[in-house]
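Asker: For reference, this is run.tsv, and it has TSV, C-alpha atoms and all ligand atoms.
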chain	number	residue	atom	x	y	z
M	1	MET	CA	24.25	50.76	67.78
M	2	SER	CA	27.33	49.63	65.81
M	3	ALA	CA	27.35	48.91	62.08
M	4	PRO	CA	27.19	45.19	61.25
M	5	ARG	CA	30.23	43.41	59.82
M	6	LEU	CA	29.09	42.52	56.33
M	7	PRO	CA	28.79	40.23	54.53
M	8	LEU	CA	27.40	37.84	57.07
M	9	VAL	CA	25.75	34.44	56.93
M	10	LEU	CA	22.23	33.67	58.18
M	11	GLN	CA	21.02	30.20	59.06
M	12	VAL	CA	17.55	28.87	58.28
M	13	ALA	CA	15.69	27.88	61.45
M	14	ASP	CA	12.28	27.04	60.06
M	15	ILE	CA	10.34	26.81	56.80
M	16	ARG	CA	6.56	26.85	56.53
M	17	PRO	CA	4.06	27.35	53.73
M	18	VAL	CA	2.05	30.58	53.76
M	19	THR	CA	0.05	29.75	50.61
M	20	PRO	CA	0.67	27.16	47.87
M	21	ARG	CA	3.17	29.50	46.13
M	22	MET	CA	4.46	31.51	49.08
M	23	THR	CA	6.86	30.11	51.69
M	24	CYS	CA	8.03	31.73	54.90
M	25	VAL	CA	11.72	31.10	55.59
M	26	ARG	CA	12.73	32.03	59.13
M	27	PHE	CA	16.37	32.84	59.84
M	28	ALA	CA	17.44	32.86	63.48
M	29	GLY	CA	20.51	33.33	65.62
M	30	THR	CA	22.92	36.01	66.74
M	31	GLU	CA	23.73	36.81	63.08
M	32	VAL	CA	20.18	38.21	62.79
M	33	LEU	CA	21.04	40.64	65.58
M	34	ASP	CA	24.28	41.53	63.79
M	35	TYR	CA	22.24	42.27	60.66
M	36	ALA	CA	19.65	44.27	62.62
M	37	ALA	CA	22.41	46.49	64.01
M	38	GLY	CA	22.60	48.28	60.66
M	39	SER	CA	20.21	49.58	58.03
M	40	CYS	CA	18.13	46.44	57.63
M	41	VAL	CA	14.64	47.23	56.23
M	42	PRO	CA	12.72	47.21	53.97
M	43	ASN	CA	14.98	45.04	51.76
M	44	ILE	CA	17.70	42.45	52.23
M	45	LYS	CA	20.36	41.38	49.71
M	46	LEU	CA	20.79	37.61	49.87
M	47	CYS	CA	23.59	35.51	48.32
M	48	PHE	CA	22.51	32.04	47.22
M	49	PRO	CA	24.90	29.09	47.06
M	50	HIS	CA	26.69	28.18	43.85
M	51	PRO	CA	25.64	24.63	42.84
M	52	VAL	CA	29.26	23.41	42.90
M	53	HIS	CA	31.25	25.87	45.02
M	54	GLY	CA	28.68	26.69	47.72
M	55	LEU	CA	28.42	30.23	49.12
M	56	LEU	CA	30.65	32.70	47.26
M	57	LEU	CA	30.87	35.86	49.35
M	58	PRO	CA	32.65	39.10	48.46
M	59	ASP	CA	35.33	40.80	50.57
M	60	PRO	CA	34.87	44.44	51.52
M	61	ASP	CA	37.88	46.57	50.52
M	62	VAL	CA	39.23	49.42	52.67
M	63	SER	CA	36.47	51.74	51.45
M	64	GLY	CA	33.81	49.11	52.22
M	65	ARG	CA	33.11	48.30	48.55
M	66	TYR	CA	32.65	44.63	47.79
M	67	GLN	CA	35.31	42.84	45.75
M	68	TRP	CA	34.35	39.45	44.34
M	69	PRO	CA	37.22	36.92	44.31
M	70	GLU	CA	34.90	34.63	42.30
M	71	PRO	CA	33.00	36.91	39.88
M	72	GLU	CA	30.17	34.40	39.39
M	73	GLY	CA	29.17	35.06	43.01
M	74	ARG	CA	27.79	38.44	41.94
M	75	GLN	CA	25.27	36.65	39.69
M	76	LEU	CA	23.85	34.78	42.69
M	77	VAL	CA	22.65	37.86	44.62
M	78	ARG	CA	18.90	38.48	44.88
M	79	THR	CA	16.81	41.14	46.63
M	80	TYR	CA	14.07	40.20	49.10
M	81	THR	CA	11.84	41.94	51.63
M	82	VAL	CA	12.27	41.68	55.37
M	83	ARG	CA	8.74	40.54	56.14
M	84	ARG	CA	9.27	40.40	59.90
M	85	LEU	CA	12.21	41.13	62.16
M	86	SER	CA	12.20	40.35	65.87
M	87	ARG	CA	15.23	41.53	67.79
M	88	GLU	CA	13.75	39.99	70.93
M	89	ASN	CA	13.77	36.49	69.41
M	90	ALA	CA	16.66	37.10	66.97
M	91	GLU	CA	14.41	36.06	64.06
M	92	LEU	CA	14.05	37.38	60.54
M	93	ASP	CA	11.35	36.15	58.14
M	94	VAL	CA	11.47	36.34	54.37
M	95	HIS	CA	8.48	35.26	52.27
M	96	PHE	CA	9.62	33.64	49.02
M	97	VAL	CA	7.40	33.19	45.97
M	98	ASP	CA	7.98	30.06	43.94
M	99	HIS	CA	7.50	31.85	40.62
M	100	GLY	CA	7.72	28.58	38.69
M	101	ASP	CA	10.63	29.64	36.47
M	102	ASP	CA	14.32	28.73	36.81
M	103	GLY	CA	16.39	30.93	39.07
M	104	VAL	CA	18.90	30.44	41.86
M	105	ALA	CA	16.51	31.66	44.53
M	106	ALA	CA	13.49	29.70	43.29
M	107	GLU	CA	15.55	26.54	42.93
M	108	TRP	CA	17.14	26.98	46.37
M	109	LEU	CA	13.67	27.40	47.87
M	110	ARG	CA	12.39	24.11	46.42
M	111	SER	CA	14.91	22.09	48.45
M	112	ALA	CA	15.58	24.50	51.33
M	113	ALA	CA	15.76	23.02	54.82
M	114	PRO	CA	16.53	24.14	58.38
M	115	GLY	CA	20.29	24.50	58.79
M	116	ASP	CA	20.81	25.91	55.27
M	117	ARG	CA	22.86	29.09	55.11
M	118	LEU	CA	22.54	32.17	52.89
M	119	GLY	CA	24.92	35.11	52.63
M	120	VAL	CA	23.73	38.65	53.35
M	121	LEU	CA	25.36	41.62	51.66
M	122	GLY	CA	23.30	44.28	53.40
M	123	GLY	CA	19.88	45.82	53.62
M	124	GLY	CA	17.89	49.01	53.49
M	125	GLY	CA	16.20	50.86	50.66
M	126	LYS	CA	13.35	53.28	50.25
M	127	SER	CA	9.74	52.99	51.28
M	128	ILE	CA	6.62	55.16	51.28
M	129	ARG	CA	6.41	58.76	52.43
M	130	PRO	CA	3.66	60.06	54.72
M	131	ALA	CA	0.45	60.91	52.84
M	132	GLN	CA	-3.27	61.18	53.44
M	133	TRP	CA	-4.17	58.62	50.78
M	134	TYR	CA	-2.11	55.66	49.56
M	135	LEU	CA	-2.21	53.63	46.38
M	136	LEU	CA	-0.25	50.38	46.77
M	137	ALA	CA	-0.06	47.99	43.82
M	138	GLY	CA	1.96	44.86	43.22
M	139	ASP	CA	2.14	41.18	42.40
M	140	GLU	CA	3.10	38.19	44.58
M	141	SER	CA	6.75	39.19	44.75
M	142	ALA	CA	5.71	42.56	46.19
M	143	LEU	CA	3.09	41.11	48.53
M	144	PRO	CA	5.54	40.79	51.47
M	145	ALA	CA	6.43	44.47	51.05
M	146	ILE	CA	2.79	45.54	50.73
M	147	ALA	CA	1.85	43.50	53.82
M	148	ALA	CA	4.67	45.10	55.81
M	149	ILE	CA	3.80	48.62	54.62
M	150	LEU	CA	0.14	48.10	55.57
M	151	GLU	CA	1.11	46.95	59.07
M	152	ASP	CA	3.11	50.15	59.56
M	153	LEU	CA	0.45	52.59	58.32
M	154	PRO	CA	-1.19	54.82	60.92
M	155	ALA	CA	-4.65	53.65	62.01
M	156	ASP	CA	-6.33	56.62	60.33
M	157	ALA	CA	-4.66	56.08	56.94
M	158	SER	CA	-6.83	55.66	53.87
M	159	GLY	CA	-6.24	54.39	50.38
M	160	ARG	CA	-6.55	51.50	47.96
M	161	VAL	CA	-4.40	48.38	47.58
M	162	LEU	CA	-4.36	46.22	44.44
M	163	ILE	CA	-2.66	42.83	44.65
M	164	ASP	CA	-2.18	40.63	41.59
M	165	VAL	CA	-1.84	36.90	42.40
M	166	ALA	CA	-2.21	33.58	40.57
M	167	ASP	CA	-5.56	32.61	42.09
M	168	GLU	CA	-7.76	32.64	45.21
M	169	HIS	CA	-5.41	30.25	47.06
M	170	GLU	CA	-2.74	32.98	47.14
M	171	ARG	CA	-4.92	35.38	49.09
M	172	GLN	CA	-3.62	36.21	52.57
M	173	ASP	CA	-5.19	37.85	55.60
M	174	LEU	CA	-3.54	41.25	55.77
M	175	ARG	CA	-3.67	43.60	58.74
M	176	HIS	CA	-4.54	47.09	57.50
M	177	PRO	CA	-6.26	50.30	58.60
M	178	ALA	CA	-10.05	50.29	58.19
M	179	GLY	CA	-9.84	53.16	55.71
M	180	VAL	CA	-7.64	51.19	53.32
M	181	GLU	CA	-9.49	49.01	50.83
M	182	VAL	CA	-7.68	45.86	49.67
M	183	GLU	CA	-8.62	44.29	46.33
M	184	TRP	CA	-7.23	40.95	45.09
M	185	LEU	CA	-6.82	40.41	41.36
M	186	TYR	CA	-6.68	36.77	40.25
M	187	ARG	CA	-4.87	35.90	37.02
M	188	ARG	CA	-6.34	32.37	36.88
M	189	GLY	CA	-3.91	31.46	34.10
M	190	GLY	CA	-4.49	34.70	32.20
M	191	ALA	CA	-2.55	37.94	31.94
M	192	SER	CA	-2.05	40.37	34.80
M	193	ARG	CA	-4.77	43.04	35.11
M	194	LEU	CA	-2.71	45.09	37.54
M	195	ALA	CA	-1.82	47.98	35.22
M	196	ASP	CA	-5.37	48.30	33.84
M	197	THR	CA	-6.87	48.18	37.32
M	198	VAL	CA	-4.53	50.88	38.60
M	199	ARG	CA	-5.46	53.02	35.60
M	200	ALA	CA	-9.15	52.53	36.38
M	201	ALA	CA	-8.78	53.31	40.10
M	202	VAL	CA	-10.41	56.52	41.26
M	203	LEU	CA	-7.84	58.76	42.95
M	204	PRO	CA	-8.60	61.69	45.27
M	205	ALA	CA	-9.33	64.88	43.36
M	206	ASP	CA	-6.67	66.63	45.41
M	207	ARG	CA	-3.61	64.86	44.01
M	208	SER	CA	-1.35	66.46	46.61
M	209	THR	CA	-2.78	64.03	49.22
M	210	VAL	CA	-1.64	60.91	47.30
M	211	PHE	CA	1.37	58.62	47.60
M	212	ALA	CA	1.63	55.74	45.11
M	213	TRP	CA	3.84	52.65	45.57
M	214	VAL	CA	4.23	49.96	42.89
M	215	GLY	CA	6.30	46.75	42.89
M	216	ALA	CA	5.82	44.46	39.90
M	217	GLU	CA	7.28	43.16	36.64
M	218	SER	CA	9.40	45.66	34.72
M	219	ALA	CA	6.92	46.41	31.89
M	220	THR	CA	4.10	47.06	34.38
M	221	VAL	CA	6.32	49.37	36.41
M	222	ARG	CA	7.35	51.35	33.35
M	223	GLU	CA	3.75	51.68	32.18
M	224	LEU	CA	2.51	52.75	35.60
M	225	ARG	CA	5.33	55.25	36.08
M	226	ARG	CA	4.29	56.94	32.84
M	227	TYR	CA	0.65	56.87	33.94
M	228	LEU	CA	1.13	58.12	37.50
M	229	ARG	CA	3.69	60.77	36.71
M	230	THR	CA	2.58	62.01	33.29
M	231	GLU	CA	-1.17	61.35	33.12
M	232	VAL	CA	-2.10	61.65	36.80
M	233	GLY	CA	0.54	64.32	37.40
M	234	LEU	CA	2.07	63.02	40.63
M	235	ASP	CA	5.41	64.51	41.59
M	236	ARG	CA	8.45	62.23	41.89
M	237	SER	CA	8.34	62.73	45.64
M	238	GLN	CA	4.82	61.22	45.66
M	239	VAL	CA	5.68	57.91	44.01
M	240	LEU	CA	7.97	54.93	44.40
M	241	LEU	CA	7.99	52.33	41.63
M	242	ILE	CA	10.47	49.44	41.60
M	243	GLY	CA	10.76	46.57	39.13
M	244	TYR	CA	10.67	43.46	41.32
M	245	TRP	CA	11.52	41.19	38.40
M	246	HIS	CA	11.99	41.27	34.64
M	247	ARG	CA	10.44	38.68	32.37
M	248	GLY	CA	13.12	36.49	30.79
M	249	MET	CA	15.98	38.03	32.81
M	250	SER	CA	17.68	37.13	36.07
M	251	GLU	CA	17.59	39.78	38.78
M	252	SER	CA	21.37	40.28	38.58
M	253	ALA	CA	21.10	40.93	34.82
M	254	TYR	CA	18.10	43.24	35.35
M	255	LYS	CA	19.96	45.20	38.01
M	256	ALA	CA	23.02	45.55	35.77
M	257	ALA	CA	20.90	46.60	32.76
M	258	ALA	CA	18.34	48.92	34.38
M	259	ASP	CA	18.81	49.01	38.18
M	260	ASN	CA	15.35	47.42	38.58
M	261	ASP	CA	13.81	50.45	36.77
M	262	ARG	CA	14.47	52.60	39.83
M	263	ASP	CA	14.32	56.38	39.65
M	264	PRO	CA	16.63	57.58	42.45
M	265	ALA	CA	14.65	60.82	42.75
M	266	GLU	CA	11.44	59.03	43.74
M	267	SER	CA	10.25	59.06	47.38
M	268	SER	CA	12.60	58.78	50.29
M	269	SER	CA	12.67	56.66	53.41
M	270	ARG	CA	9.84	57.38	55.76
M	271	PRO	CA	11.23	58.31	59.15
M	272	GLY	CA	10.13	55.88	61.82
M	273	ILE	CA	8.97	53.15	59.48
M	274	SER	CA	10.22	49.88	60.87
M	275	ARG	CA	9.68	46.18	60.44
M	276	THR	CA	10.75	45.37	63.97
M	277	THR	CA	8.51	43.78	66.54
M	278	ALA	CA	10.90	44.20	69.42
Q	301	LIG	C1	13.17	45.45	46.41
Q	301	LIG	C2	12.75	44.02	46.05
Q	301	LIG	C3	12.14	43.23	47.01
Q	301	LIG	C4	11.72	41.92	46.68
Q	301	LIG	N1	11.10	41.16	47.64
Q	301	LIG	C5	10.69	39.90	47.33
Q	301	LIG	C6	10.08	39.07	48.33
Q	301	LIG	O1	9.97	39.43	49.51
Q	301	LIG	N2	9.66	37.82	47.96
Q	301	LIG	C7	9.82	37.36	46.66
Q	301	LIG	O2	9.44	36.22	46.40
Q	301	LIG	N3	10.40	38.12	45.71
Q	301	LIG	C8	10.85	39.37	46.02
Q	301	LIG	N4	11.46	40.14	45.06
Q	301	LIG	C9	11.58	39.60	43.70
Q	301	LIG	C10	12.76	38.65	43.53
Q	301	LIG	O3	13.97	39.31	43.86
Q	301	LIG	C11	12.80	38.20	42.05
Q	301	LIG	O4	11.63	37.48	41.76
Q	301	LIG	C12	14.04	37.40	41.70
Q	301	LIG	O5	14.20	37.49	40.30
Q	301	LIG	C13	13.95	35.93	42.09
Q	301	LIG	O6	15.21	35.33	41.81
Q	301	LIG	P1	15.36	33.89	41.13
Q	301	LIG	O7	16.79	33.51	41.30
Q	301	LIG	O8	14.31	32.96	41.62
Q	301	LIG	O9	15.07	34.15	39.60
Q	301	LIG	P2	16.04	34.95	38.51
Q	301	LIG	O10	17.28	34.12	38.34
Q	301	LIG	O11	16.21	36.31	38.99
Q	301	LIG	O12	15.15	34.85	37.25
Q	301	LIG	C14	14.99	33.61	36.54
Q	301	LIG	C15	13.73	33.66	35.70
Q	301	LIG	O13	12.61	33.72	36.58
Q	301	LIG	C16	11.74	34.78	36.19
Q	301	LIG	N5	11.14	35.37	37.41
Q	301	LIG	C17	11.79	35.94	38.45
Q	301	LIG	N6	10.92	36.39	39.37
Q	301	LIG	C18	9.69	36.09	38.91
Q	301	LIG	C19	8.38	36.30	39.41
Q	301	LIG	N7	8.14	36.91	40.60
Q	301	LIG	N8	7.33	35.85	38.67
Q	301	LIG	C20	7.54	35.22	37.48
Q	301	LIG	N9	8.77	35.00	36.94
Q	301	LIG	C21	9.83	35.43	37.66
Q	301	LIG	C22	12.64	35.77	35.46
Q	301	LIG	O14	11.90	36.52	34.52
Q	301	LIG	C23	13.65	34.87	34.79
Q	301	LIG	O15	13.19	34.46	33.53
Q	301	LIG	C24	11.92	41.42	45.37
Q	301	LIG	C25	12.58	42.22	44.41
Q	301	LIG	C26	12.99	43.51	44.74
Q	301	LIG	C27	13.68	44.36	43.70
As structure tokens, what does this structure read like?
Answerer:
Amino acid sequence: MSAPRLPLVLQVADIRPVTPRMTCVRFAGTEVLDYAAGSCVPNIKLCFPHPVHGLLLPDPDVSGRYQWPEPEGRQLVRTYTVRRLSRENAELDVHFVDHGDDGVAAEWLRSAAPGDRLGVLGGGGKSIRPAQWYLLAGDESALPAIAAILEDLPADASGRVLIDVADEHERQDLRHPAGVEVEWLYRRGGASRLADTVRAAVLPADRSTVFAWVGAESATVRELRRYLRTEVGLDRSQVLLIGYWHRGMSESAYKAAADNDRDPAESSSRPGISRTTA
């Protein structure tokens, strides 16, 4: 398997609604196979078009680091989850939330159509580690990641999943092991109850059996990191918390300011975890 030549450009083949606020964008073509030749899950870095200049892609220098001839291109990069990847059909699905605020990705989504092209800077990232009991918690933006993690769990896995969404219409049918309980939290115009519900969740008495994964707004992630690490006493190797967005800040600004609240010492990629169907 050879490393892909990055950046590359993916073309939209199909767009379909998943729920009122969630849209599946399917990319297809040989470029998907190029992307899949490298480290490609769980996350993908997408470049959205500049409103005037179109796609602004960086050039890799001799060491492979990206140089941006047009610096504003860097502000148009966003992180998404590879919801499904089929090498057999050369298809890659990303599920986009229309979060209702301004933003290059949200605005692109509102008028996206087959034939549109997005740049790809690369992929990869961390996911869960093997455990006996899992706590997964997140909002809509983390729902594609949670759905993909659940599909990859062994059939005998157990745990609890808490998903914070706008209302009942955002609920999806998720495939998950019988021993994993999924609970939907509906905001219905109110505040998120995700952090409070995680705090109230009963965890196994033997904490060494637990792995906790959280993807949500920055403040929730910070609060839950304090809770899980300091109050519950989980080791860094037993948790992975990532800020999926920051209220009032673009993702590029959030990354520059706080690297999405990542702690590089948390978790590590789980060998064998894969989003591929072929
Ligand atoms: C590892 C990772 C994986 C991700 N996977 C997905 C995914 O599969 N699907 C998905 O939809 N998102 C996903 N996200 C979140 C997505 O990258 C952010 O929501 C991103 O900010 C959207 O870019 P934008 O250009 O629309 O808005 P930005 O320009 O980044 O932000 C503009 C404004 O919108 C607000 N905003 C951004 N996101 C949200 C939100 N979710 N809810 C409410 N307000 C928001 C910001 O606070 C800001 O005020 C992921 C993030 C990470 C870090």
Asker: For each of M:Glu107, M:Asp34, M:Asp59, M:Asp116, take the minimum atom-to-atom distance to M:Ile15, counting all atoms listed in the file, then give the residue where this is smallest.
Answerer: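 Closest residue, counting all atoms listed in the file: M:Asp116.
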Asker: Got a sec to check which residues lie within 6 Å of ligand LIG 301 (chain Q), using only C-alpha atoms and all ligand atoms, and send them as number ranges by chain?
Answerer: M: 43, 78-81, 94-97, 99, 101-106, 141-142, 144, 243-251
Asker: Counting all atoms listed in the file, figure out which residue out of M:Val9, M:Val239, M:Leu55, M:Ala113 gets nearest to M:Gly215.
Answerer: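 Answer, going by the shortest atom-to-atom distance: M:Val239.
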Asker: For M:Ala131, which of M:Ser252, M:Ser111, M:Thr197, M:Ser208 is the closest residue, counting only C-alpha atoms?
Answerer: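 Closest to M:Ala131, using only C-alpha atoms: M:Ser208.
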Asker: I need the residue nearest M:Val32 from this list: M:Gly125, M:Pro4, M:Gly64, M:Gly115. Use only C-alpha atoms for the distance.
Answerer: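 Closest to M:Val32, using only C-alpha atoms: M:Pro4.
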Asker: I want to know what sits within 10 Å of M:Ala147, based on all atoms listed in the file, with residues of the same chain fewer than 2 positions away left out; could you give that as a list in words?
Answerer: Arg83, Ala142, Leu143, Pro144, Ala145, Ile149, Leu150, Glu151, Asp152, Gln172, Asp173, Leu174, Arg175 and His176 of chain M
Asker: So, counting all atoms listed in the file, which residue among M:Glu140, M:Ser86, M:Ala112, M:Pro204 is closest to M:His169?
Answerer: M:Glu140
Asker: Just the residues within 12 Å of stretch 159-162 of chain M, please, counting only C-alpha atoms, with nothing from its chain fewer than 3 positions along; format it as an mmCIF file with C-alpha atoms, in the coordinates of the input.
Answerer:
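Below you can see selection.cif, which holds the result:
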data_model
loop_
_atom_site.group_PDB
_atom_site.id
_atom_site.type_symbol
_atom_site.label_atom_id
_atom_site.label_comp_id
_atom_site.auth_asym_id
_atom_site.auth_seq_id
_atom_site.Cartn_x
_atom_site.Cartn_y
_atom_site.Cartn_z
ATOM 1 C CA ALA M 131 0.450 60.910 52.840
ATOM 2 C CA GLN M 132 -3.270 61.180 53.440
ATOM 3 C CA TRP M 133 -4.170 58.620 50.780
ATOM 4 C CA TYR M 134 -2.110 55.660 49.560
ATOM 5 C CA LEU M 135 -2.210 53.630 46.380
ATOM 6 C CA LEU M 136 -0.250 50.380 46.770
ATOM 7 C CA ALA M 137 -0.060 47.990 43.820
ATOM 8 C CA GLY M 138 1.960 44.860 43.220
ATOM 9 C CA ASP M 139 2.140 41.180 42.400
ATOM 10 C CA GLU M 140 3.100 38.190 44.580
ATOM 11 C CA ALA M 142 5.710 42.560 46.190
ATOM 12 C CA LEU M 143 3.090 41.110 48.530
ATOM 13 C CA ILE M 146 2.790 45.540 50.730
ATOM 14 C CA ALA M 147 1.850 43.500 53.820
ATOM 15 C CA ILE M 149 3.800 48.620 54.620
ATOM 16 C CA LEU M 150 0.140 48.100 55.570
ATOM 17 C CA LEU M 153 0.450 52.590 58.320
ATOM 18 C CA PRO M 154 -1.190 54.820 60.920
ATOM 19 C CA ALA M 155 -4.650 53.650 62.010
ATOM 20 C CA ASP M 156 -6.330 56.620 60.330
ATOM 21 C CA VAL M 165 -1.840 36.900 42.400
ATOM 22 C CA ARG M 171 -4.920 35.380 49.090
ATOM 23 C CA LEU M 174 -3.540 41.250 55.770
ATOM 24 C CA HIS M 176 -4.540 47.090 57.500
ATOM 25 C CA PRO M 177 -6.260 50.300 58.600
ATOM 26 C CA ALA M 178 -10.050 50.290 58.190
ATOM 27 C CA GLY M 179 -9.840 53.160 55.710
ATOM 28 C CA VAL M 180 -7.640 51.190 53.320
ATOM 29 C CA GLU M 181 -9.490 49.010 50.830
ATOM 30 C CA VAL M 182 -7.680 45.860 49.670
ATOM 31 C CA GLU M 183 -8.620 44.290 46.330
ATOM 32 C CA TRP M 184 -7.230 40.950 45.090
ATOM 33 C CA LEU M 185 -6.820 40.410 41.360
ATOM 34 C CA TYR M 186 -6.680 36.770 40.250
ATOM 35 C CA SER M 192 -2.050 40.370 34.800
ATOM 36 C CA ARG M 193 -4.770 43.040 35.110
ATOM 37 C CA LEU M 194 -2.710 45.090 37.540
ATOM 38 C CA ALA M 195 -1.820 47.980 35.220
ATOM 39 C CA ASP M 196 -5.370 48.300 33.840
ATOM 40 C CA THR M 197 -6.870 48.180 37.320
ATOM 41 C CA VAL M 198 -4.530 50.880 38.600
ATOM 42 C CA ARG M 199 -5.460 53.020 35.600
ATOM 43 C CA ALA M 200 -9.150 52.530 36.380
ATOM 44 C CA ALA M 201 -8.780 53.310 40.100
ATOM 45 C CA VAL M 202 -10.410 56.520 41.260
ATOM 46 C CA LEU M 203 -7.840 58.760 42.950
ATOM 47 C CA PRO M 204 -8.600 61.690 45.270
ATOM 48 C CA THR M 209 -2.780 64.030 49.220
ATOM 49 C CA VAL M 210 -1.640 60.910 47.300
ATOM 50 C CA PHE M 211 1.370 58.620 47.600
ATOM 51 C CA ALA M 212 1.630 55.740 45.110
ATOM 52 C CA TRP M 213 3.840 52.650 45.570
ATOM 53 C CA VAL M 214 4.230 49.960 42.890
ATOM 54 C CA GLY M 215 6.300 46.750 42.890
ATOM 55 C CA ALA M 216 5.820 44.460 39.900
#
Asker: Point out the residue among M:Arg65, M:Glu31, M:Gly122, M:Asp93 with the least atom-to-atom distance to M:Cys47, counting all atoms listed in the file.
Answerer: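 Counting all atoms listed in the file, the residue closest to M:Cys47 is M:Gly122.
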